[in-house]
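Colleague: Structure: work.tsv, TSV, C-alpha atoms and all ligand atoms.
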chain	number	residue	atom	x	y	z
A	511	MET	CA	0.00	0.00	0.00
A	512	SER	CA	1.46	3.36	-0.98
A	513	LEU	CA	1.73	6.41	1.22
A	514	ASP	CA	-0.91	9.13	1.27
A	515	ARG	CA	0.08	12.76	1.70
A	516	VAL	CA	-2.48	15.31	2.86
A	517	HIS	CA	-1.38	18.93	2.65
A	518	VAL	CA	-2.50	21.38	5.33
A	519	ALA	CA	-2.51	24.63	3.33
A	520	LEU	CA	-1.55	27.26	5.87
A	521	GLY	CA	0.81	29.46	3.85
A	522	ALA	CA	4.09	29.89	5.70
A	523	ARG	CA	2.92	27.32	8.27
A	524	ALA	CA	1.83	24.70	5.72
A	525	TYR	CA	2.80	21.06	6.24
A	526	ASP	CA	2.04	17.53	5.14
A	527	VAL	CA	0.41	14.68	6.98
A	528	VAL	CA	1.97	11.46	5.66
A	529	ILE	CA	-0.21	8.38	6.18
A	530	GLY	CA	0.81	4.80	5.55
A	531	GLN	CA	2.41	1.61	6.79
A	532	GLY	CA	6.01	1.27	7.91
A	533	LEU	CA	6.52	5.00	8.44
A	534	LEU	CA	8.73	4.61	11.53
A	535	ALA	CA	11.25	2.75	9.39
A	536	GLN	CA	11.18	5.63	6.91
A	537	ALA	CA	11.17	8.38	9.54
A	538	GLY	CA	14.75	9.45	8.83
A	539	ALA	CA	14.18	9.98	5.12
A	540	LEU	CA	10.89	11.80	5.79
A	541	VAL	CA	12.24	14.09	8.51
A	542	ALA	CA	15.75	14.76	7.13
A	543	PRO	CA	14.73	17.50	4.64
A	544	LEU	CA	13.38	19.56	7.56
A	545	LEU	CA	16.47	19.41	9.75
A	546	ALA	CA	19.19	22.04	10.16
A	547	ARG	CA	21.47	19.39	11.68
A	548	PRO	CA	21.10	15.59	11.83
A	549	GLN	CA	19.71	15.27	15.33
A	550	VAL	CA	16.27	15.36	16.95
A	551	ALA	CA	14.82	15.41	20.47
A	552	VAL	CA	12.06	12.86	21.03
A	553	LEU	CA	9.40	13.44	23.67
A	554	THR	CA	7.32	10.35	24.34
A	555	GLU	CA	5.78	8.34	27.19
A	556	ALA	CA	6.93	5.12	28.79
A	557	ARG	CA	4.44	2.67	27.24
A	558	VAL	CA	4.92	4.07	23.73
A	559	ALA	CA	8.71	4.12	24.19
A	560	ALA	CA	8.72	0.41	25.05
A	561	LEU	CA	6.73	-0.40	21.92
A	562	HIS	CA	8.06	1.98	19.28
A	563	LEU	CA	11.21	3.87	20.27
A	564	ASP	CA	13.70	1.31	18.95
A	565	GLY	CA	11.91	1.20	15.59
A	566	LEU	CA	11.90	4.98	15.36
A	567	ARG	CA	15.59	5.25	16.31
A	568	ALA	CA	16.49	2.69	13.65
A	569	GLY	CA	14.48	4.59	11.03
A	570	LEU	CA	16.15	7.86	11.96
A	571	SER	CA	19.62	6.37	12.08
A	572	ASP	CA	19.21	4.96	8.54
A	573	ALA	CA	19.32	8.61	7.45
A	574	GLY	CA	22.21	9.42	9.81
A	575	ILE	CA	19.98	11.18	12.36
A	576	THR	CA	20.69	10.75	16.06
A	577	ALA	CA	17.90	11.00	18.63
A	578	GLN	CA	17.93	11.93	22.29
A	579	SER	CA	14.71	10.88	23.98
A	580	HIS	CA	12.74	11.43	27.13
A	581	ALA	CA	9.76	9.33	28.24
A	582	LEU	CA	7.15	10.93	30.48
A	583	ALA	CA	4.71	8.95	32.62
A	584	PRO	CA	1.74	7.63	30.61
A	585	GLY	CA	-1.77	8.99	31.17
A	586	GLU	CA	-3.79	12.20	31.14
A	587	GLY	CA	-2.26	13.24	34.50
A	588	THR	CA	1.00	14.03	32.68
A	589	LYS	CA	-0.70	16.76	30.64
A	590	GLY	CA	-0.39	19.46	33.30
A	591	TRP	CA	2.04	22.02	34.68
A	592	ASP	CA	4.36	19.35	36.17
A	593	GLY	CA	4.56	17.38	32.93
A	594	LEU	CA	5.15	20.58	30.97
A	595	ARG	CA	7.96	21.64	33.30
A	596	GLU	CA	9.55	18.19	33.03
A	597	ALA	CA	9.36	18.29	29.23
A	598	VAL	CA	10.70	21.82	28.82
A	599	GLU	CA	13.52	21.36	31.32
A	600	TRP	CA	14.55	18.12	29.62
A	601	LEU	CA	14.59	19.88	26.23
A	602	LEU	CA	16.82	22.60	27.73
A	603	ASP	CA	19.05	19.96	29.38
A	604	ALA	CA	19.30	18.29	25.97
A	605	GLN	CA	20.48	21.64	24.57
A	606	VAL	CA	17.78	21.78	21.92
A	607	GLU	CA	18.36	24.94	19.92
A	608	ARG	CA	15.89	27.25	18.22
A	609	ARG	CA	16.57	25.71	14.76
A	610	ASP	CA	16.25	22.11	16.04
A	611	MET	CA	13.33	19.70	15.74
A	612	VAL	CA	11.31	18.08	18.52
A	613	LEU	CA	9.43	14.85	17.77
A	614	ALA	CA	6.27	14.26	19.83
A	615	VAL	CA	5.70	10.49	19.71
A	616	GLY	CA	2.52	9.26	21.39
A	617	GLY	CA	-1.20	9.79	21.71
A	618	GLY	CA	-3.09	13.01	22.32
A	619	VAL	CA	-1.47	13.69	25.68
A	620	ILE	CA	2.08	13.66	24.30
A	621	GLY	CA	1.07	15.44	21.09
A	622	ASP	CA	-0.63	18.29	22.95
A	623	LEU	CA	2.00	18.57	25.69
A	624	GLY	CA	4.99	18.08	23.39
A	625	GLY	CA	3.60	20.59	20.91
A	626	PHE	CA	3.08	23.15	23.66
A	627	ALA	CA	6.57	22.54	25.08
A	628	ALA	CA	7.96	23.15	21.56
A	629	ALA	CA	5.79	26.28	21.21
A	630	ILE	CA	7.23	27.93	24.31
A	631	LEU	CA	10.79	26.57	24.23
A	632	ARG	CA	13.08	29.42	23.16
A	633	ARG	CA	9.92	31.24	21.95
A	634	GLY	CA	9.10	28.50	19.48
A	635	VAL	CA	10.90	25.44	18.13
A	636	ARG	CA	9.58	23.34	15.24
A	637	PHE	CA	8.11	19.93	15.93
A	638	VAL	CA	6.93	16.77	14.19
A	639	GLN	CA	3.90	14.85	15.37
A	640	VAL	CA	4.17	11.05	15.34
A	641	PRO	CA	0.69	10.05	16.58
A	642	THR	CA	0.45	6.49	17.89
A	643	THR	CA	-3.32	6.24	18.53
A	644	LEU	CA	-6.21	6.41	16.08
A	645	LEU	CA	-7.63	9.41	17.94
A	646	ALA	CA	-4.35	11.29	17.63
A	647	GLN	CA	-3.91	10.33	13.96
A	648	VAL	CA	-7.31	11.62	12.88
A	649	ASP	CA	-7.71	14.56	15.24
A	650	SER	CA	-5.25	15.89	17.80
A	651	SER	CA	-2.01	15.66	15.77
A	652	VAL	CA	-3.42	17.81	12.95
A	653	GLY	CA	-4.32	21.47	13.27
A	654	GLY	CA	-1.85	22.90	15.76
A	655	LYS	CA	-3.91	22.94	18.95
A	656	THR	CA	-1.39	22.35	21.74
A	657	GLY	CA	-1.73	22.74	25.49
A	658	ILE	CA	-2.22	21.34	28.94
A	659	ASN	CA	-4.97	20.88	31.53
A	660	THR	CA	-5.16	22.89	34.75
A	661	ARG	CA	-7.33	22.49	37.85
A	662	HIS	CA	-9.81	24.77	36.04
A	663	GLY	CA	-10.36	22.32	33.21
A	664	LYS	CA	-8.96	20.60	30.14
A	665	ASN	CA	-6.89	22.38	27.47
A	666	LEU	CA	-7.31	25.79	29.09
A	667	VAL	CA	-3.64	26.77	28.71
A	668	GLY	CA	-2.01	26.38	25.33
A	669	ALA	CA	-1.08	27.81	21.97
A	670	PHE	CA	-1.76	27.33	18.31
A	671	HIS	CA	1.55	25.91	17.11
A	672	GLN	CA	1.42	23.97	13.85
A	673	PRO	CA	3.69	20.95	13.43
A	674	SER	CA	6.16	20.88	10.52
A	675	LEU	CA	5.14	17.34	9.58
A	676	VAL	CA	2.80	14.62	10.84
A	677	LEU	CA	3.70	10.94	10.40
A	678	ALA	CA	0.62	8.73	10.84
A	679	ASP	CA	1.91	5.16	10.75
A	680	ILE	CA	-1.05	2.81	10.33
A	681	ASP	CA	1.02	-0.13	11.67
A	682	LEU	CA	1.16	1.51	15.10
A	683	LEU	CA	-2.60	1.04	15.48
A	684	ASP	CA	-1.96	-2.73	15.82
A	685	SER	CA	-0.73	-2.19	19.37
A	686	LEU	CA	-3.96	-0.51	20.54
A	687	SER	CA	-6.53	-2.36	22.62
A	688	THR	CA	-9.92	-2.83	20.94
A	689	ARG	CA	-11.37	-0.31	23.37
A	690	ASP	CA	-8.77	2.37	22.54
A	691	PHE	CA	-9.12	1.72	18.82
A	692	LEU	CA	-12.90	2.08	18.94
A	693	ALA	CA	-12.66	5.22	21.06
A	694	GLY	CA	-10.53	6.75	18.30
A	695	TYR	CA	-13.12	5.54	15.79
A	696	GLY	CA	-15.61	7.84	17.56
A	697	GLU	CA	-13.67	10.76	16.05
A	698	VAL	CA	-13.62	9.08	12.62
A	699	VAL	CA	-17.41	8.72	12.62
A	700	LYS	CA	-17.63	12.36	13.64
A	701	TYR	CA	-16.10	13.44	10.29
A	702	GLY	CA	-18.72	11.57	8.31
A	703	LEU	CA	-21.50	12.95	10.46
A	704	LEU	CA	-20.32	16.53	10.36
A	705	GLY	CA	-19.60	16.91	6.69
A	706	ASP	CA	-19.43	13.86	4.43
A	707	ALA	CA	-22.48	11.61	4.13
A	708	ALA	CA	-20.72	9.40	1.56
A	709	PHE	CA	-17.89	8.79	4.04
A	710	PHE	CA	-20.42	7.84	6.74
A	711	GLU	CA	-22.03	5.39	4.30
A	712	TRP	CA	-18.56	3.99	3.53
A	713	LEU	CA	-17.98	3.55	7.27
A	714	GLU	CA	-21.33	1.78	7.68
A	715	VAL	CA	-20.14	-0.77	5.10
A	716	ASN	CA	-16.44	-1.00	5.98
A	717	GLY	CA	-16.26	-0.07	9.67
A	718	PRO	CA	-16.43	-3.62	11.07
A	719	ALA	CA	-13.65	-4.95	8.77
A	720	LEU	CA	-11.57	-1.87	9.52
A	721	ALA	CA	-11.94	-2.51	13.26
A	722	ARG	CA	-10.93	-6.16	12.75
A	723	GLY	CA	-7.61	-4.95	11.34
A	724	ASP	CA	-7.84	-4.39	7.57
A	725	LYS	CA	-4.95	-1.99	6.99
A	726	ALA	CA	-6.01	-0.65	3.61
A	727	LEU	CA	-9.41	0.28	5.05
A	728	ARG	CA	-7.76	1.82	8.11
A	729	GLN	CA	-5.47	3.93	5.93
A	730	ASN	CA	-8.43	5.09	3.84
A	731	ALA	CA	-10.39	6.08	6.96
A	732	VAL	CA	-7.43	7.99	8.42
A	733	ARG	CA	-6.74	9.71	5.08
A	734	ARG	CA	-10.35	10.86	4.60
A	735	SER	CA	-10.58	12.06	8.22
A	736	VAL	CA	-7.33	13.99	7.90
A	737	GLU	CA	-8.38	15.46	4.54
A	738	MET	CA	-11.52	16.80	6.16
A	739	LYS	CA	-9.69	18.19	9.17
A	740	ALA	CA	-6.96	19.72	6.97
A	741	GLY	CA	-9.55	21.50	4.85
A	742	ILE	CA	-11.36	22.92	7.87
A	743	VAL	CA	-8.13	24.00	9.60
A	744	ALA	CA	-6.84	25.66	6.42
A	745	ARG	CA	-10.05	27.69	6.18
A	746	ASP	CA	-10.32	28.52	9.90
A	747	GLU	CA	-7.05	27.91	11.74
A	748	THR	CA	-7.94	29.60	15.03
A	749	GLU	CA	-11.61	28.55	15.26
A	750	THR	CA	-13.41	31.77	14.55
A	751	GLY	CA	-16.08	29.87	12.59
A	752	GLU	CA	-16.12	26.59	10.70
A	753	ARG	CA	-13.53	24.80	12.89
A	754	ALA	CA	-16.16	24.67	15.64
A	755	LEU	CA	-17.87	21.92	13.60
A	756	LEU	CA	-15.05	19.61	14.74
A	757	ASN	CA	-16.68	19.86	18.16
A	758	LEU	CA	-19.72	17.82	17.07
A	759	GLY	CA	-20.70	15.76	20.11
A	760	HIS	CA	-18.19	17.54	22.33
A	761	THR	CA	-20.49	19.71	24.48
A	762	PHE	CA	-22.24	16.55	25.70
A	763	CYS	CA	-18.93	14.68	25.81
A	764	HIS	CA	-17.14	17.22	28.01
A	765	ALA	CA	-20.01	17.21	30.53
A	766	LEU	CA	-19.97	13.39	30.61
A	767	GLU	CA	-16.18	13.28	30.98
A	768	ALA	CA	-16.40	15.72	33.90
A	769	ALA	CA	-19.30	13.72	35.43
A	770	THR	CA	-17.23	10.52	35.27
A	771	GLY	CA	-14.16	12.22	36.75
A	772	TYR	CA	-12.09	11.89	33.52
A	773	SER	CA	-11.69	8.24	34.53
A	774	ASP	CA	-11.63	5.10	32.42
A	775	ARG	CA	-15.38	4.83	32.94
A	776	LEU	CA	-15.55	6.92	29.77
A	777	LEU	CA	-12.74	7.51	27.26
A	778	HIS	CA	-12.81	10.77	25.31
A	779	GLY	CA	-13.67	9.12	21.99
A	780	GLU	CA	-16.45	7.12	23.65
A	781	GLY	CA	-17.87	10.38	24.98
A	782	VAL	CA	-17.65	11.86	21.47
A	783	ALA	CA	-19.62	8.93	20.04
A	784	ILE	CA	-22.34	9.21	22.71
A	785	GLY	CA	-22.27	13.00	22.30
A	786	CYS	CA	-22.79	12.68	18.52
A	787	ALA	CA	-25.79	10.41	19.10
A	788	LEU	CA	-27.25	12.94	21.58
A	789	ALA	CA	-26.57	15.85	19.19
A	790	TYR	CA	-28.58	14.00	16.51
A	791	GLU	CA	-31.33	13.26	19.04
A	792	LEU	CA	-31.50	16.96	19.88
A	793	SER	CA	-31.49	17.88	16.19
A	794	ALA	CA	-34.40	15.50	15.54
A	795	ARG	CA	-36.38	16.95	18.48
A	796	LEU	CA	-35.84	20.40	17.02
A	797	GLY	CA	-37.22	19.14	13.70
A	798	LEU	CA	-33.91	19.80	11.99
A	799	CYS	CA	-33.30	16.26	10.77
A	800	ALA	CA	-35.48	13.23	10.10
A	801	GLN	CA	-36.73	11.36	13.18
A	802	GLU	CA	-34.92	8.18	12.05
A	803	THR	CA	-31.49	9.79	11.68
A	804	PRO	CA	-30.46	9.42	15.37
A	805	SER	CA	-31.37	5.70	15.17
A	806	ARG	CA	-29.17	5.34	12.08
A	807	VAL	CA	-26.24	6.94	13.92
A	808	ARG	CA	-26.76	4.66	16.93
A	809	ALA	CA	-27.18	1.57	14.73
A	810	HIS	CA	-23.73	2.12	13.24
A	811	LEU	CA	-22.11	2.70	16.63
A	812	ARG	CA	-23.81	-0.46	17.96
A	813	ALA	CA	-22.67	-2.46	14.92
A	814	MET	CA	-19.13	-1.39	15.79
A	815	GLY	CA	-19.56	-2.57	19.39
A	816	MET	CA	-19.36	0.99	20.67
A	817	ALA	CA	-21.10	2.86	23.45
A	818	CYS	CA	-23.82	5.13	22.06
A	819	ASP	CA	-26.18	5.86	25.00
A	820	LEU	CA	-25.90	7.17	28.54
A	821	ALA	CA	-27.04	3.65	29.51
A	822	ASP	CA	-23.67	2.37	28.24
A	823	ILE	CA	-21.73	4.39	30.84
A	824	PRO	CA	-21.10	2.31	33.98
A	825	GLY	CA	-21.74	3.72	37.46
A	826	ASP	CA	-23.77	6.70	38.61
A	827	LEU	CA	-24.36	9.86	36.60
A	828	PRO	CA	-25.61	13.18	37.95
A	829	GLY	CA	-29.08	14.46	37.08
A	830	VAL	CA	-30.13	16.70	34.22
A	831	GLU	CA	-29.46	20.06	35.90
A	832	ALA	CA	-26.00	18.97	37.07
A	833	LEU	CA	-25.14	17.79	33.54
A	834	ILE	CA	-26.28	21.11	32.08
A	835	GLY	CA	-24.19	22.88	34.74
A	836	LEU	CA	-21.14	20.91	33.59
A	837	MET	CA	-21.88	21.88	29.98
A	838	ALA	CA	-21.97	25.52	31.03
A	839	GLN	CA	-18.35	25.21	32.21
A	840	ASP	CA	-17.25	24.08	28.78
A	841	LYS	CA	-14.92	26.51	27.05
A	842	LYS	CA	-17.29	26.70	24.10
A	843	VAL	CA	-19.76	28.74	26.13
A	844	GLN	CA	-20.02	32.23	24.63
A	845	ASP	CA	-21.76	35.09	26.44
A	846	GLY	CA	-23.17	32.49	28.84
A	847	ARG	CA	-24.97	30.63	26.02
A	848	LEU	CA	-24.40	26.95	25.35
A	849	ARG	CA	-23.05	26.23	21.90
A	850	PHE	CA	-24.06	22.99	20.20
A	851	ILE	CA	-23.16	21.52	16.86
A	852	LEU	CA	-26.43	20.26	15.43
A	853	ALA	CA	-27.25	18.65	12.09
A	854	ARG	CA	-29.84	18.83	9.31
A	855	GLY	CA	-28.90	15.28	8.32
A	856	VAL	CA	-25.90	12.99	8.12
A	857	GLY	CA	-23.00	15.12	6.85
A	858	GLU	CA	-24.80	18.42	7.43
A	859	ALA	CA	-23.67	19.90	10.74
A	860	PHE	CA	-23.86	23.54	11.75
A	861	VAL	CA	-23.26	25.69	14.84
A	862	CYS	CA	-26.29	26.57	16.97
A	863	ASP	CA	-26.16	29.08	19.83
A	864	ASP	CA	-29.84	29.11	20.76
A	865	VAL	CA	-30.94	25.62	21.70
A	866	PRO	CA	-34.16	25.82	23.75
A	867	GLY	CA	-33.40	24.69	27.30
A	868	ASP	CA	-36.60	22.65	27.61
A	869	LEU	CA	-35.72	20.48	24.60
A	870	LEU	CA	-32.18	19.95	25.88
A	871	ARG	CA	-33.61	18.93	29.25
A	872	ALA	CA	-36.06	16.52	27.57
A	873	VAL	CA	-33.27	14.81	25.60
A	874	LEU	CA	-31.15	14.37	28.73
A	875	GLU	CA	-34.11	13.26	30.86
A	876	ASP	CA	-35.03	10.56	28.35
A	877	ALA	CA	-31.41	9.44	27.99
A	878	LEU	CA	-31.03	9.19	31.77
A	879	ALA	CA	-34.38	7.42	32.15
A	880	ALA	CA	-33.25	4.78	29.64
A	881	ARG	CA	-30.49	3.86	32.13
A	882	GLY	CA	-33.26	2.36	34.25
B	901	LIG	N1	-10.06	18.75	18.10
B	901	LIG	C1	-10.75	19.84	17.57
B	901	LIG	C2	-9.88	20.79	16.82
B	901	LIG	O1	-8.75	20.48	16.53
B	901	LIG	O2	-10.31	21.86	16.50
As structure tokens - that is how I would like this structure written.
Ligand code: GLY

Modeller:
Amino acid sequence: MSLDRVHVALGARAYDVVIGQGLLAQAGALVAPLLARPQVAVLTEARVAALHLDGLRAGLSDAGITAQSHALAPGEGTKGWDGLREAVEWLLDAQVERRDMVLAVGGGVIGDLGGFAAAILRRGVRFVQVPTTLLAQVDSSVGGKTGINTRHGKNLVGAFHQPSLVLADIDLLDSLSTRDFLAGYGEVVKYGLLGDAAFFEWLEVNGPALARGDKALRQNAVRRSVEMKAGIVARDETETGERALLNLGHTFCHALEAATGYSDRLLHGEGVAIGCALAYELSARLGLCAQETPSRVRAHLRAMGMACDLADIPGDLPGVEALIGLMAQDKKVQDGRLRFILARGVGEAFVCDDVPGDLLRAVLEDALAARG
């Protein structure tokens, strides 16, 4: 299978996302043209390092590139002030210079944290994203959102800092658990739902085989997702308009993540999938889309073995008012109004700032009641 290259057309900050198999082995040849000197600094985390660091080093060394590396602790807890300090101080200890290149090798935590460390190191050093999860390959590694969490919430401190290259190696997805793979698939489905009905139909047909491990199908799904994200980011880099569509399902998701304590009761991508189903439910109640569209969305998620209802979240959940309160803390609140991405059909999402509270309450009440 050949490599795909998706260009993110951002003028002076433009870059390519290279998608394919065996990319770690080719990393040296792919990265070398960007380097001022043949050395890189790799930020990663311990689990990813054990699986992939040797392969990456070998690929870099084939092109005569040496790599210093530092592995942070795995998990969302690393993506905070302490993890940032550790990363930046290691980069300074490693004498990374302004013209050098940082490689962020890992899932969303390392991509966001490593990108932010690169953004503030010496007022901005270039970096390459090497996403190792499906979620990071189709979403967080592309588009330049970098940052950390604070006690006030997730991703509240950060910077737009575009990578110089993204290497999405499809082979790395083999090491994901089924649960992690399917959580990432929640973001893939999101692209079909928000803007490409034909892609959603393709996923309905090919999703199960893709989840079982078909690499050509996986590469096609990652490529189409990245193409969609690249187009949106190129048109609206800093989210003044269209980029908000990428938040389909996320207002519900962020409230559910907060309600479950950001624990493994609910992974982010699982929350996105449930959030997308609820966004379609809300759209149908508002008469925006056909009554059967939410069932179609849920049927696909169910066929994939994914969570798609509040009933699929284990343990207690707070009531309707508490959930709405958590939504109101989301950073997408503007002038105190909740912002939802709703849809007129599959592939037809839009931003809505004036959702009637009673309909929102009714959707949540019914979803909670279905938990029994
Ligand atoms: N993950 C949403 C965005 O990049 O805008």

Colleague: Figure out the distance between CA of Ala872 (chain A) and CA of Asn757 (chain A), please, to one decimal in Å.

Modeller: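 Separating CA of Asn757 (chain A) from CA of Ala872 (chain A) is a distance of 21.8 Å.
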
Colleague: Which residue is closest to Asn665 (chain A)? Choose from A:Lys589, A:Ala678, A:Gly653, A:Trp712 and count only C-alpha atoms.

Modeller: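 Of all the options, A:Lys589 lies closest to Asn665 (chain A).
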
Colleague: Residues within 7 Å of ligand LIG 901 (chain B), counting all atoms listed in the file: report them as a count of residues only.

Modeller: 10

Colleague: So which one's closest to Leu534 (chain A), A:Leu566, A:Leu686, A:Val782, A:Leu836? Using all atoms listed in the file, please.

Modeller: A:Leu566

Colleague: Enumerate, as a PyMOL selection string, the protein, DNA and RNA residues whose atoms approach (-7.3, 13.8, 2.7) to within 12 Å, taking into account only C-alpha atoms and the coordinate frame of the file.

Modeller: chain A and resi 513-519+526-529+648+652+701+709+729-742
